[in-house]
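Containing compact mmCIF, C-alpha atoms and all ligand atoms: final27.txt.
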# COMPACT_ATOMS: atom_id res chain seq x y z
CA MET A 1 -6.81 4.88 -7.77
CA HIS A 2 -4.35 2.18 -8.84
CA ALA A 3 -5.07 -1.34 -7.49
CA ARG A 4 -2.55 -1.97 -4.71
CA ARG A 5 -3.20 -5.58 -3.67
CA ALA A 6 0.52 -6.30 -3.37
CA LEU A 7 3.25 -3.70 -2.97
CA LEU A 8 6.62 -5.34 -3.54
CA TYR A 9 9.78 -3.79 -2.10
CA MET A 10 13.29 -4.37 -3.23
CA PRO A 11 16.56 -2.60 -2.36
CA GLY A 12 16.93 0.24 -4.85
CA ASP A 13 20.62 -0.53 -5.44
CA ASP A 14 19.77 -4.05 -6.68
CA MET A 15 19.01 -3.87 -10.42
CA ARG A 16 18.73 -7.65 -10.61
CA LYS A 17 15.73 -7.57 -8.25
CA ILE A 18 14.14 -4.65 -10.09
CA LEU A 19 14.47 -6.61 -13.36
CA LYS A 20 12.84 -9.59 -11.67
CA ALA A 21 10.03 -7.45 -10.21
CA ILE A 22 8.87 -6.18 -13.60
CA THR A 23 8.21 -9.78 -14.74
CA LEU A 24 5.89 -10.65 -11.84
CA GLY A 25 2.62 -8.91 -12.74
CA VAL A 26 2.61 -7.24 -9.32
CA ASP A 27 0.32 -4.22 -8.75
CA CYS A 28 3.06 -2.00 -7.24
CA ILE A 29 6.84 -2.06 -7.37
CA CYS A 30 8.50 -0.01 -4.63
CA MET A 31 12.21 0.61 -5.13
CA ASP A 32 13.67 1.37 -1.74
CA MET A 33 16.23 3.93 -0.62
CA GLU A 34 15.51 3.53 3.11
CA ASP A 35 16.04 0.53 5.39
CA GLY A 36 16.57 -2.00 2.59
CA VAL A 37 19.71 -0.11 1.52
CA ALA A 38 22.98 0.09 3.48
CA ILE A 39 24.05 3.59 4.49
CA ASN A 40 27.08 3.48 2.17
CA ARG A 41 24.90 2.47 -0.82
CA LYS A 42 22.35 5.30 -0.79
CA ALA A 43 23.88 7.13 -3.77
CA GLU A 44 24.04 3.87 -5.74
CA ALA A 45 20.35 3.23 -4.95
CA ARG A 46 19.29 6.71 -6.15
CA ALA A 47 21.19 6.28 -9.44
CA THR A 48 19.90 2.74 -10.02
CA ILE A 49 16.28 3.73 -9.38
CA ALA A 50 16.53 6.73 -11.73
CA GLN A 51 18.04 4.50 -14.40
CA ALA A 52 15.33 1.84 -13.96
CA LEU A 53 12.57 4.45 -14.22
CA GLN A 54 14.08 5.88 -17.40
CA SER A 55 14.94 2.65 -19.18
CA LEU A 56 12.59 -0.19 -18.13
CA ASP A 57 9.04 -1.09 -19.12
CA PHE A 58 7.14 -1.74 -15.88
CA GLY A 59 3.99 -2.84 -17.73
CA ARG A 60 0.94 -2.35 -15.55
CA SER A 61 2.93 -2.23 -12.31
CA GLU A 62 2.90 1.08 -10.49
CA ARG A 63 6.41 2.59 -10.23
CA LEU A 64 7.08 3.76 -6.67
CA ALA A 65 10.23 4.98 -4.94
CA ARG A 66 10.63 5.00 -1.16
CA ILE A 67 12.75 7.87 0.14
CA ASN A 68 14.44 8.15 3.54
CA PRO A 69 12.42 9.79 6.35
CA VAL A 70 11.84 13.54 6.23
CA GLY A 71 14.41 14.95 8.67
CA SER A 72 16.94 12.15 8.15
CA GLY A 73 19.20 14.40 6.07
CA LEU A 74 19.02 11.95 3.15
CA GLU A 75 15.59 12.85 1.79
CA VAL A 76 16.62 15.95 -0.20
CA ALA A 77 19.15 14.06 -2.33
CA ASP A 78 16.72 11.11 -2.66
CA LEU A 79 14.09 13.41 -4.19
CA GLU A 80 16.58 15.41 -6.27
CA ASP A 81 17.98 12.30 -7.92
CA VAL A 82 14.78 10.29 -8.39
CA LEU A 83 12.05 12.85 -9.18
CA PRO A 84 13.50 13.88 -12.58
CA ALA A 85 12.96 10.25 -13.72
CA ARG A 86 9.25 10.67 -12.91
CA PRO A 87 8.09 7.84 -10.66
CA ASP A 88 4.31 7.32 -10.38
CA GLY A 89 4.48 7.94 -6.65
CA ILE A 90 6.73 8.55 -3.66
CA VAL A 91 6.53 6.48 -0.47
CA ILE A 92 7.55 8.32 2.73
CA PRO A 93 8.55 6.09 5.67
CA LYS A 94 8.34 6.80 9.43
CA LEU A 95 5.81 9.53 8.79
CA GLU A 96 4.73 11.37 11.96
CA TYR A 97 3.35 14.81 11.07
CA GLY A 98 1.09 16.30 8.43
CA GLU A 99 3.77 18.95 7.62
CA GLN A 100 6.12 16.20 6.46
CA VAL A 101 3.59 15.11 3.83
CA GLN A 102 3.14 18.73 2.74
CA TRP A 103 6.89 19.30 2.46
CA VAL A 104 7.36 16.32 0.12
CA SER A 105 4.28 17.36 -1.85
CA GLU A 106 5.85 20.82 -2.40
CA GLN A 107 9.09 19.30 -3.67
CA ILE A 108 7.05 17.22 -6.12
CA ALA A 109 5.10 20.32 -7.19
CA HIS A 110 8.40 22.10 -8.01
CA ALA A 111 9.50 19.15 -10.18
CA GLU A 112 6.12 19.07 -11.93
CA GLU A 113 6.48 22.75 -12.73
CA GLU A 114 10.09 22.47 -13.84
CA TYR A 115 9.42 19.54 -16.21
CA ASP A 116 5.97 20.70 -17.30
CA TRP A 117 4.21 17.56 -15.99
CA THR A 118 0.51 17.46 -15.09
CA PRO A 119 0.18 19.10 -11.65
CA GLY A 120 -0.80 16.56 -9.01
CA GLY A 121 0.08 13.61 -11.26
CA ILE A 122 2.61 12.08 -8.86
CA CYS A 123 0.96 10.56 -5.79
CA LEU A 124 2.10 10.03 -2.21
CA LEU A 125 1.85 7.00 0.05
CA VAL A 126 3.00 7.20 3.67
CA VAL A 127 4.24 4.50 6.01
CA VAL A 128 2.96 5.06 9.54
CA GLU A 129 5.09 2.95 11.85
CA THR A 130 5.78 4.88 15.05
CA ALA A 131 3.71 5.73 18.13
CA ARG A 132 3.69 9.42 17.12
CA GLY A 133 2.53 8.56 13.62
CA ILE A 134 -0.40 6.56 14.97
CA ILE A 135 -1.56 9.27 17.40
CA ASN A 136 -1.26 11.88 14.61
CA LEU A 137 -3.24 9.93 11.98
CA ASN A 138 -5.96 12.55 12.03
CA GLN A 139 -3.60 15.30 10.76
CA ILE A 140 -1.65 12.95 8.48
CA ALA A 141 -4.69 11.52 6.67
CA ARG A 142 -6.00 15.00 5.76
CA ALA A 143 -2.61 16.63 5.09
CA ASP A 144 -2.44 16.78 1.29
CA PRO A 145 -4.54 15.95 -1.80
CA ARG A 146 -1.70 13.86 -3.29
CA LEU A 147 -1.99 11.36 -0.45
CA GLU A 148 -3.59 8.10 -1.64
CA ALA A 149 -2.61 5.44 0.89
CA LEU A 150 -1.70 4.79 4.51
CA ILE A 151 0.74 1.89 4.91
CA PHE A 152 1.26 0.12 8.23
CA GLY A 153 4.78 -0.89 9.29
CA ALA A 154 4.45 -3.47 12.06
CA GLU A 155 8.11 -4.25 12.75
CA ASP A 156 9.11 -0.62 13.16
CA PHE A 157 5.99 0.12 15.21
CA ALA A 158 6.65 -2.75 17.63
CA GLY A 159 10.27 -1.58 17.94
CA ASP A 160 9.20 2.00 18.55
CA ILE A 161 6.84 1.16 21.41
CA GLY A 162 9.10 -1.59 22.80
CA ALA A 163 6.77 -4.53 22.10
CA THR A 164 7.86 -8.02 21.10
CA ARG A 165 6.39 -9.22 17.78
CA THR A 166 4.34 -12.40 17.93
CA GLN A 167 2.64 -14.54 15.27
CA GLU A 168 -0.73 -13.59 16.66
CA GLY A 169 0.03 -9.86 16.41
CA LYS A 170 -2.04 -8.58 19.36
CA GLU A 171 0.78 -6.14 20.16
CA VAL A 172 0.22 -4.25 16.86
CA PHE A 173 -3.52 -4.76 16.46
CA TYR A 174 -4.61 -1.37 17.80
CA ALA A 175 -2.29 0.47 15.40
CA ARG A 176 -3.18 -1.79 12.47
CA SER A 177 -6.85 -1.21 13.10
CA ALA A 178 -6.33 2.57 13.47
CA ILE A 179 -4.77 2.63 9.98
CA VAL A 180 -7.84 1.10 8.29
CA THR A 181 -10.18 3.31 10.29
CA TYR A 182 -8.46 6.61 9.35
CA ALA A 183 -8.04 5.47 5.76
CA ALA A 184 -11.78 4.78 5.52
CA ALA A 185 -12.64 8.13 7.13
CA PHE A 186 -10.59 10.07 4.55
CA GLY A 187 -11.16 7.95 1.43
CA LEU A 188 -7.60 6.56 1.35
CA GLN A 189 -6.35 3.03 0.73
CA ALA A 190 -4.92 1.10 3.67
CA ILE A 191 -2.01 -1.24 3.02
CA ASP A 192 -1.20 -3.94 5.54
CA MET A 193 2.04 -5.04 7.22
CA VAL A 194 4.81 -7.25 5.79
CA HIS A 195 4.90 -10.96 6.65
CA ILE A 196 8.68 -11.15 7.04
CA ASP A 197 8.88 -14.97 7.21
CA PHE A 198 8.80 -15.39 3.43
CA GLN A 199 9.06 -19.22 3.64
CA ASP A 200 5.83 -19.45 5.70
CA HIS A 201 3.23 -19.74 2.96
CA GLU A 202 0.32 -20.80 5.18
CA GLY A 203 0.95 -17.97 7.67
CA LEU A 204 1.15 -15.46 4.83
CA ARG A 205 -2.17 -16.62 3.37
CA ARG A 206 -3.88 -16.47 6.75
CA GLU A 207 -2.55 -12.98 7.50
CA ALA A 208 -3.43 -11.67 4.02
CA LEU A 209 -7.02 -12.97 4.25
CA GLU A 210 -7.33 -11.42 7.71
CA GLY A 211 -6.11 -8.08 6.30
CA ALA A 212 -8.63 -8.29 3.44
CA ARG A 213 -11.45 -8.93 5.93
CA MET A 214 -10.28 -5.91 7.97
CA ALA A 215 -10.71 -3.79 4.78
CA PHE A 216 -7.08 -3.32 3.83
CA ALA A 217 -6.78 -2.80 0.07
CA GLY A 218 -3.52 -4.74 -0.06
CA LYS A 219 -0.37 -5.83 1.68
CA GLN A 220 3.34 -5.04 1.52
CA VAL A 221 5.48 -7.95 0.31
CA ILE A 222 9.24 -8.53 0.22
CA HIS A 223 9.73 -11.66 -1.90
CA PRO A 224 8.48 -12.77 -5.35
CA ASN A 225 6.84 -15.87 -3.79
CA GLN A 226 4.53 -13.64 -1.79
CA VAL A 227 3.06 -11.78 -4.77
CA ALA A 228 0.54 -14.29 -6.19
CA PRO A 229 -0.96 -15.51 -2.88
CA VAL A 230 -1.33 -11.95 -1.61
CA GLN A 231 -2.91 -10.63 -4.81
CA GLU A 232 -5.30 -13.57 -4.72
CA ALA A 233 -6.26 -12.92 -1.10
CA PHE A 234 -7.15 -9.31 -1.96
CA THR A 235 -9.21 -10.29 -5.03
CA PRO A 236 -12.82 -11.34 -4.37
CA GLY A 237 -13.51 -14.98 -5.34
CA ASP A 238 -16.09 -15.96 -8.00
CA ASP A 239 -18.63 -17.05 -5.37
CA ALA A 240 -18.29 -13.77 -3.45
CA ILE A 241 -18.76 -11.79 -6.68
CA ALA A 242 -21.84 -13.79 -7.71
CA TYR A 243 -23.37 -13.34 -4.23
CA ALA A 244 -22.63 -9.60 -4.22
CA LEU A 245 -24.30 -9.18 -7.62
CA ARG A 246 -27.33 -11.11 -6.35
CA ILE A 247 -27.59 -8.86 -3.27
CA MET A 248 -27.44 -5.75 -5.45
CA ARG A 249 -30.14 -7.08 -7.78
CA THR A 250 -32.53 -8.26 -5.03
CA PHE A 251 -31.93 -5.08 -3.00
CA GLU A 252 -33.11 -2.96 -5.90
CA GLU A 253 -36.19 -5.17 -6.43
CA ASN A 254 -37.09 -4.98 -2.73
CA GLN A 255 -36.58 -1.20 -2.59
CA GLN A 256 -39.02 -0.83 -5.47
CA ALA A 257 -41.49 -3.05 -3.59
CA GLY A 258 -41.10 -0.72 -0.58
CA LYS A 259 -38.93 -3.01 1.58
CA GLY A 260 -35.72 -1.66 3.17
CA ALA A 261 -34.81 -4.96 4.84
CA PHE A 262 -35.51 -8.40 3.40
CA ALA A 263 -34.37 -12.03 3.69
CA LEU A 264 -31.99 -13.75 1.25
CA ASP A 265 -30.96 -17.39 1.92
CA GLY A 266 -32.09 -17.04 5.54
CA LYS A 267 -30.03 -13.87 6.20
CA MET A 268 -31.19 -10.32 6.68
CA ILE A 269 -30.11 -7.91 3.95
CA ASP A 270 -30.30 -4.14 4.44
CA ALA A 271 -28.29 -1.00 3.58
CA PRO A 272 -24.90 -1.88 5.21
CA ILE A 273 -24.95 -5.33 3.55
CA LEU A 274 -25.58 -3.63 0.20
CA LYS A 275 -22.61 -1.33 0.84
CA ALA A 276 -20.39 -4.35 1.53
CA ALA A 277 -21.61 -5.99 -1.70
CA GLU A 278 -20.80 -2.83 -3.67
CA ARG A 279 -17.29 -2.86 -2.18
CA VAL A 280 -16.78 -6.46 -3.35
CA ILE A 281 -17.81 -5.45 -6.88
CA ALA A 282 -15.49 -2.41 -6.83
CA LEU A 283 -12.57 -4.63 -5.75
CA ALA A 284 -13.41 -7.18 -8.47
CA GLN A 285 -13.47 -4.39 -11.05
CA ALA A 286 -10.14 -2.95 -9.81
CA ALA A 287 -8.61 -6.42 -10.12
CA GLY A 288 -9.89 -6.66 -13.71
CA LYS A 289 -12.36 -9.47 -12.93
CA LEU A 290 -15.50 -7.66 -14.10
N1 LIG B 1 12.11 -8.27 -5.43
C1 LIG B 1 12.51 -8.82 -6.60
N2 LIG B 1 13.21 -9.96 -6.70
C2 LIG B 1 13.53 -10.58 -5.55
C3 LIG B 1 13.15 -10.06 -4.29
C4 LIG B 1 12.43 -8.86 -4.26
N3 LIG B 1 12.04 -8.30 -3.11
N4 LIG B 1 13.60 -10.90 -3.32
C5 LIG B 1 14.21 -11.90 -3.95
N5 LIG B 1 14.21 -11.72 -5.29
C6 LIG B 1 14.77 -12.59 -6.33
C7 LIG B 1 16.22 -12.94 -6.04
O1 LIG B 1 17.07 -11.97 -6.61
C8 LIG B 1 16.34 -14.27 -6.69
O2 LIG B 1 16.44 -14.10 -8.08
P1 LIG B 1 17.50 -14.93 -8.96
O3 LIG B 1 17.11 -16.36 -8.74
O4 LIG B 1 17.31 -14.44 -10.33
O5 LIG B 1 18.83 -14.59 -8.36
C9 LIG B 1 14.99 -14.92 -6.45
O6 LIG B 1 14.08 -13.83 -6.28
C10 LIG B 1 14.93 -15.82 -5.24
O7 LIG B 1 15.38 -15.12 -4.12
P2 LIG B 1 15.83 -15.90 -2.77
O8 LIG B 1 17.15 -16.54 -3.00
O9 LIG B 1 14.71 -16.74 -2.31
O10 LIG B 1 15.97 -14.69 -1.75
P3 LIG B 1 17.30 -13.92 -1.36
O11 LIG B 1 17.99 -14.69 -0.28
O12 LIG B 1 18.07 -13.56 -2.57
O13 LIG B 1 16.72 -12.58 -0.73
C11 LIG B 1 15.72 -11.09 0.79
C12 LIG B 1 15.99 -12.55 0.47
C13 LIG B 1 14.82 -11.01 2.01
C14 LIG B 1 17.05 -10.39 1.08
C15 LIG B 1 15.03 -10.45 -0.44
O14 LIG B 1 13.83 -11.13 -0.65
C16 LIG B 1 14.82 -8.96 -0.38
O15 LIG B 1 15.74 -8.21 -0.67
N6 LIG B 1 13.59 -8.48 -0.05
C17 LIG B 1 13.25 -7.10 -0.01
C18 LIG B 1 13.93 -6.40 1.17
C19 LIG B 1 13.52 -4.95 1.26
O16 LIG B 1 13.38 -4.26 0.28
N7 LIG B 1 13.32 -4.48 2.51
C20 LIG B 1 12.90 -3.14 2.75
C21 LIG B 1 11.42 -2.98 2.75
S1 LIG B 1 10.59 -3.84 4.06
MG MG B 2 9.85 0.48 8.19
Can you turn what I pasted into structure tokens?
Amino acid sequence: MHARRALLYMPGDDMRKILKAITLGVDCICMDMEDGVAINRKAEARATIAQALQSLDFGRSERLARINPVGSGLEVADLEDVLPARPDGIVIPKLEYGEQVQWVSEQIAHAEEEYDWTPGGICLLVVVETARGIINLNQIARADPRLEALIFGAEDFAGDIGATRTQEGKEVFYARSAIVTYAAAFGLQAIDMVHIDFQDHEGLRREALEGARMAFAGKQVIHPNQVAPVQEAFTPGDDAIAYALRIMRTFEENQQAGKGAFALDGKMIDAPILKAAERVIALAQAAGKL
């Protein structure tokens, strides 16, 4: 799976921002057709995204396009205009039912057949950001083999249930935690909420590190200034990598000596700690650090 430490959105009708995005070294670039685009600019966004996909070099950044919700009446034209330009993946917002994932997957399958592309080559990411989406995570997470990531939308979720957003975020914590849990159960990536106050660097760093500790693979971002701090927060530090490698080495030695649990620097190490160390190494590898 592609590293998705930061997933940067920009309005799909804004070529200037797309041109900026491809210079940032960001893991994922998500060109939006949904809420970032005014209702009278949807056609412009579709055309601009298709043109960007066909003409620009995105380097190592993943090329994603976010369509309007399934059932909005806009999604058919979004897919018709953007799929022929072959994005790497489609992001579906306000996702509530497994059938909605399957419907988009079928539309992609038709395009793959029509253009003779590798079947299954275009992936799906879904934004779960309503009460119904959260209670249906079990059917959503297992809906389709193209699905690679569950994304949490905190602002929409709070609006949907009628909660007031706070800095602390207790009002969205159950849903945020449900996303990582279902993602882990079905081998998907979990991608954390946007920090909309893009001038608040300290708050962003704190929230990103908290998301990383909760096992999110990355975070949605909305401004170029958020890319580097977020990608750093989701990349294990040198000390963490060295410690993880030491745990893996000493674990193996102790296993061979017949010990399942042992002490390292005054702390108990056993199977779950080894699993955590292996995860750190996998993240370091995905970030190109090992
Ligand atoms: N992607 C790429 N480039 C961006 C960007 C983004 N998301 N947000 C800002 N930029 C660019 C600006 O175009 C500007 O470039 P320039 O100096 O070459 O003109 C530069 O970064 C600085 O931008 P700044 O002036 O600080 O911000 P702004 O007032 O122009 O824009 C927002 C603020 C919030 C409107 C803008 O960041 C944005 O559009 N974010 C994404 C919104 C979105 O997609 N929402 C839907 C998903 S949640
Ligand atoms: Mg949303």
Quick one: residues within 8 Å of ligand LIG 1 (chain B), with all atoms listed in the file, as number ranges by chain?
-> A: 8-12, 16-21, 31-32, 34-37, 194, 196, 198, 220-225
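Nearest to ligand MG 2 (chain B) of all the residues A:Ile92, A:Val227, A:Ala215, A:Leu79 is A:Ile92, based on only C-alpha atoms and all ligand atoms.
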Compile the contact shell of range 118-122 of chain A as a CSV table (one decimal) with C-alpha atoms, in the coordinates of the input: residues with an atom at most 6 Å away, counting all atoms listed in the file, same-chain residues fewer than 5 positions apart removed.
chain,number,residue,atom,x,y,z
A,88,ASP,CA,4.3,7.3,-10.4
A,89,GLY,CA,4.5,7.9,-6.6
A,112,GLU,CA,6.1,19.1,-11.9
For CA of Ala212 in chain A and CA of Gly98 in chain A, the interatomic separation in Å (one decimal) |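 Taking CA of Ala212 in chain A as the start and CA of Gly98 in chain A as the end point, the length is 26.9 Å.
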Within 12 Å of (4.9, -7.0, 5.4) (file coordinates; only C-alpha atoms), which protein or nucleic acid residues are there? I'd like them as a compact mmCIF listing (two decimals) with C-alpha atoms, in the frame of the given file.
# COMPACT_ATOMS: atom_id res chain seq x y z
CA ALA A 6 0.52 -6.30 -3.37
CA LEU A 7 3.25 -3.70 -2.97
CA LEU A 8 6.62 -5.34 -3.54
CA TYR A 9 9.78 -3.79 -2.10
CA VAL A 127 4.24 4.50 6.01
CA GLU A 129 5.09 2.95 11.85
CA ILE A 151 0.74 1.89 4.91
CA PHE A 152 1.26 0.12 8.23
CA GLY A 153 4.78 -0.89 9.29
CA ALA A 154 4.45 -3.47 12.06
CA GLU A 155 8.11 -4.25 12.75
CA ASP A 156 9.11 -0.62 13.16
CA ARG A 176 -3.18 -1.79 12.47
CA ILE A 191 -2.01 -1.24 3.02
CA ASP A 192 -1.20 -3.94 5.54
CA MET A 193 2.04 -5.04 7.22
CA VAL A 194 4.81 -7.25 5.79
CA HIS A 195 4.90 -10.96 6.65
CA ILE A 196 8.68 -11.15 7.04
CA ASP A 197 8.88 -14.97 7.21
CA PHE A 198 8.80 -15.39 3.43
CA GLY A 203 0.95 -17.97 7.67
CA LEU A 204 1.15 -15.46 4.83
CA GLU A 207 -2.55 -12.98 7.50
CA ALA A 208 -3.43 -11.67 4.02
CA GLY A 211 -6.11 -8.08 6.30
CA GLY A 218 -3.52 -4.74 -0.06
CA LYS A 219 -0.37 -5.83 1.68
CA GLN A 220 3.34 -5.04 1.52
CA VAL A 221 5.48 -7.95 0.31
CA ILE A 222 9.24 -8.53 0.22
CA HIS A 223 9.73 -11.66 -1.90
CA GLN A 226 4.53 -13.64 -1.79
CA VAL A 227 3.06 -11.78 -4.77
CA VAL A 230 -1.33 -11.95 -1.61
Which residues come within 12 Å of Ala282 in chain A, counting all atoms listed in the file, excluding same-chain residues fewer than 6 positions away, as a VMD selection string?
-> chain A and resid 1 3 217 234 to 236 241 244 to 245 275 to 276 288 to 290
Which residue, A:Lys267, A:Ala190, A:Glu113, A:Phe262, has the smallest gap to Ala149 in chain A when you use all atoms listed in the file?
-> A:Ala190
Please measure the separation of CA of Ala257 in chain A and CA of Asp270 in chain A, giving the value in Å to one decimal.
->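 Separating CA of Ala257 in chain A from CA of Asp270 in chain A is a distance of 13.8 Å.
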Can you tell me, as a ChimeraX atom specification, what residues are no more than 8 Å from Gln189 in chain A when counting all atoms listed in the file, ignoring any on the same chain fewer than 6 positions away?
-> /A:148-150,180,183,216-217
Pull C-alpha atoms from the residues just selected and write them as a PDB file, in the frame of the given file.
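In the end it all went to result-v2.pdb:
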ATOM      1  CA  GLU A 148      -3.590   8.100  -1.640  1.00  0.00           C
ATOM      2  CA  ALA A 149      -2.610   5.440   0.890  1.00  0.00           C
ATOM      3  CA  LEU A 150      -1.700   4.790   4.510  1.00  0.00           C
ATOM      4  CA  VAL A 180      -7.840   1.100   8.290  1.00  0.00           C
ATOM      5  CA  ALA A 183      -8.040   5.470   5.760  1.00  0.00           C
ATOM      6  CA  PHE A 216      -7.080  -3.320   3.830  1.00  0.00           C
ATOM      7  CA  ALA A 217      -6.780  -2.800   0.070  1.00  0.00           C
TER       8      ALA A 217
END
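Considering the residues A:Asp13, A:Pro229, A:Gly169, A:Ala109 and counting all atoms listed in the file, Asp200 in chain A has its shortest atom-to-atom contact with A:Pro229.
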Gap from CA of Pro272 in chain A to CA of Ala233 in chain A - Å, one decimal = 22.6 Å
Write out as a VMD selection string the residues lying within 12 Å of Glu171 in chain A, counting all atoms listed in the file and excluding same-chain residues fewer than 6 positions away.
-> chain A and resid 154 to 155 157 to 165 177
